[in-house]
Amino acid sequence: MSLITPGRNIVLIGLMGSGKSTVGRVLAERLGRPFMDTDEIVQRETGRTITELFASVGERDFREHEAAAVRWVSALRGQVIAVGGGAVLDPRNVTQLRATGDMVLLTAPPDVLRVRLEGAGVASRPLLEGEPDLAARLAALGEERADAYKAAAATSVDTTGRGPEDVAEEILVWARSRPGLLSREELESI
Ligand code: S3P
């Protein structure tokens, strides 16, 4: 990260299992930027897991913690940020994130997301726990959220059948052409 003129934030959005955190870490590494994850911030700030928060205070309170995490990361520059899959449903969050960053939507069909999430991925995601048909639940969420995702995103990348390095590379190629997204040092080094 340049200490003089950092680039804008690169913000990864998309459904659970779309690879936001995995790709985000690779992207951050490639650019030498810090990586931030709003779910991790919420868990650190509250001392509870997302599952515990949903069970104790409920989704509505979780969304307030999430909005606070979004405000916090949006005040920074030169970060790679992964936000929880539901974050951009709140227009306040979109406004905050857009002020200092560009959003990249990661996509994959419900069956691909299901395979990535089965097991540990479901156990840590209260919106999916106990769902008899995971792919159907993910398809429904994708439909409900399609407009919000599309409206927030500056671009989208299909992650189907691709590793995180490959997806990160596509984002970097795109980022080069976005004015102010990468710092001069980053543009020279990648
Ligand atoms: C959610 C996605 C999760 C987490 C919470 C709710 C959602 O984050 O914020 O379980 O509403 O899609 P990931 O997208 O990182 O799994």
# chains A, B, ... in the order shown; residues from 1 in each chain; ligands from 1
call {"tool": "residues_around", "arguments": {"residues": "Asp111 in chain A", "least_positions_apart": "4", "cutoff": "9 Å", "atoms": "only C-alpha atoms", "output": "list in words"}}
result
Val115, Arg116, Leu134, Ala135, Ala136, Leu138 and Ala139 of chain A
call {"tool": "write_last_selection", "arguments": {"atoms": "N, CA, C and O atoms", "output": "mmCIF file, in the first residue's frame"}}
result
data_model
loop_
_atom_site.group_PDB
_atom_site.id
_atom_site.type_symbol
_atom_site.label_atom_id
_atom_site.label_comp_id
_atom_site.auth_asym_id
_atom_site.auth_seq_id
_atom_site.Cartn_x
_atom_site.Cartn_y
_atom_site.Cartn_z
ATOM 1 N N VAL A 115 -21.601 -27.116 -3.018
ATOM 2 C CA VAL A 115 -20.436 -27.990 -2.829
ATOM 3 C C VAL A 115 -19.381 -27.285 -1.972
ATOM 4 O O VAL A 115 -18.786 -27.879 -1.077
ATOM 5 N N ARG A 116 -19.185 -25.997 -2.200
ATOM 6 C CA ARG A 116 -18.169 -25.271 -1.424
ATOM 7 C C ARG A 116 -18.570 -25.127 0.052
ATOM 8 O O ARG A 116 -17.713 -25.042 0.926
ATOM 9 N N LEU A 134 -29.973 -27.313 0.183
ATOM 10 C CA LEU A 134 -29.054 -26.173 0.225
ATOM 11 C C LEU A 134 -29.018 -25.401 -1.091
ATOM 12 O O LEU A 134 -29.038 -24.165 -1.105
ATOM 13 N N ALA A 135 -28.973 -26.127 -2.197
ATOM 14 C CA ALA A 135 -28.888 -25.466 -3.504
ATOM 15 C C ALA A 135 -30.145 -24.623 -3.751
ATOM 16 O O ALA A 135 -30.062 -23.502 -4.276
ATOM 17 N N ALA A 136 -31.308 -25.150 -3.349
ATOM 18 C CA ALA A 136 -32.564 -24.415 -3.551
ATOM 19 C C ALA A 136 -32.577 -23.149 -2.695
ATOM 20 O O ALA A 136 -33.025 -22.080 -3.144
ATOM 21 N N LEU A 138 -29.947 -21.477 -1.673
ATOM 22 C CA LEU A 138 -28.975 -20.540 -2.250
ATOM 23 C C LEU A 138 -29.528 -19.906 -3.523
ATOM 24 O O LEU A 138 -29.312 -18.719 -3.785
ATOM 25 N N ALA A 139 -30.268 -20.692 -4.297
ATOM 26 C CA ALA A 139 -30.882 -20.160 -5.519
ATOM 27 C C ALA A 139 -31.901 -19.080 -5.162
ATOM 28 O O ALA A 139 -31.968 -18.016 -5.802
#
call {"tool": "residues_near_ligand", "arguments": {"ligand": "ligand 1", "cutoff": "8 Å", "atoms": "only C-alpha atoms and all ligand atoms", "output": "number ranges by chain"}}
result
A: 13-18, 20-21, 37-39, 50-51, 66, 82-87, 121, 124-127, 141
call {"tool": "write_last_selection", "arguments": {"atoms": "C-alpha atoms", "output": "PDB file, in the first residue's frame"}}
result
ATOM      1  CA  ILE A  13     -19.524  -8.869  -2.636  1.00  0.00           C
ATOM      2  CA  GLY A  14     -21.669 -11.911  -3.442  1.00  0.00           C
ATOM      3  CA  LEU A  15     -23.454 -14.891  -1.963  1.00  0.00           C
ATOM      4  CA  MET A  16     -22.077 -17.131   0.754  1.00  0.00           C
ATOM      5  CA  GLY A  17     -19.589 -19.515  -0.835  1.00  0.00           C
ATOM      6  CA  SER A  18     -18.779 -17.228  -3.744  1.00  0.00           C
ATOM      7  CA  LYS A  20     -15.016 -13.425  -1.176  1.00  0.00           C
ATOM      8  CA  SER A  21     -12.650 -14.183   1.700  1.00  0.00           C
ATOM      9  CA  ASP A  37     -13.539  -9.050   6.412  1.00  0.00           C
ATOM     10  CA  THR A  38     -16.636  -7.479   7.963  1.00  0.00           C
ATOM     11  CA  ASP A  39     -17.752 -10.813   9.480  1.00  0.00           C
ATOM     12  CA  ILE A  50     -21.991 -15.024  13.701  1.00  0.00           C
ATOM     13  CA  THR A  51     -23.999 -18.109  14.687  1.00  0.00           C
ATOM     14  CA  GLU A  66     -22.370  -5.342  10.242  1.00  0.00           C
ATOM     15  CA  ALA A  82     -14.842  -8.838   1.881  1.00  0.00           C
ATOM     16  CA  VAL A  83     -18.315  -8.006   3.167  1.00  0.00           C
ATOM     17  CA  GLY A  84     -20.901 -10.540   4.364  1.00  0.00           C
ATOM     18  CA  GLY A  85     -23.264 -11.743   1.637  1.00  0.00           C
ATOM     19  CA  GLY A  86     -26.181  -9.688   2.959  1.00  0.00           C
ATOM     20  CA  ALA A  87     -24.331  -6.411   3.535  1.00  0.00           C
ATOM     21  CA  GLY A 121     -19.452 -23.763   5.687  1.00  0.00           C
ATOM     22  CA  SER A 124     -20.993 -21.295  10.497  1.00  0.00           C
ATOM     23  CA  ARG A 125     -23.836 -19.738   8.471  1.00  0.00           C
ATOM     24  CA  PRO A 126     -27.111 -19.433  10.344  1.00  0.00           C
ATOM     25  CA  LEU A 127     -29.076 -18.568   7.195  1.00  0.00           C
ATOM     26  CA  LEU A 141     -31.276 -16.036  -1.908  1.00  0.00           C
TER      27      LEU A 141
END
call {"tool": "select_by_dssp", "arguments": {"residues": "range 131-171 of chain A", "states": "strand (DSSP E)", "output": "PyMOL selection string"}}
result
chain A and resi 155-158
call {"tool": "closest_residue", "arguments": {"among": "A:Leu53, A:Val112, A:Ala75, A:Met36", "to": "Val11 in chain A", "atoms": "only C-alpha atoms"}}
result
A:Met36
call {"tool": "closest_residue", "arguments": {"among": "A:Gly78, A:Gly7, A:Pro164, A:Gly32", "to": "Pro179 in chain A", "atoms": "only C-alpha atoms"}}
result
A:Gly7
call {"tool": "atom_distance", "arguments": {"atom1": "CA of Gly142 in chain A", "atom2": "CA of Glu45 in chain A"}}
result
28.5 Å
call {"tool": "closest_residue", "arguments": {"among": "A:Ala67, A:Leu76, A:Leu187, A:Val167", "to": "Thr107 in chain A", "atoms": "only C-alpha atoms"}}
result
A:Val167
call {"tool": "residues_around", "arguments": {"residues": "Leu182 in chain A", "least_positions_apart": "3", "cutoff": "10 Å", "atoms": "only C-alpha atoms", "output": "list in words"}}
result
Met1, Ser2, Thr5, Pro6, Gly7, Arg8, Asn9, Ile10, Leu31, Gly78, Leu172, Ala175, Arg176, Ser177, Arg178, Pro179, Glu185, Glu186, Leu187 and Glu188 of chain A
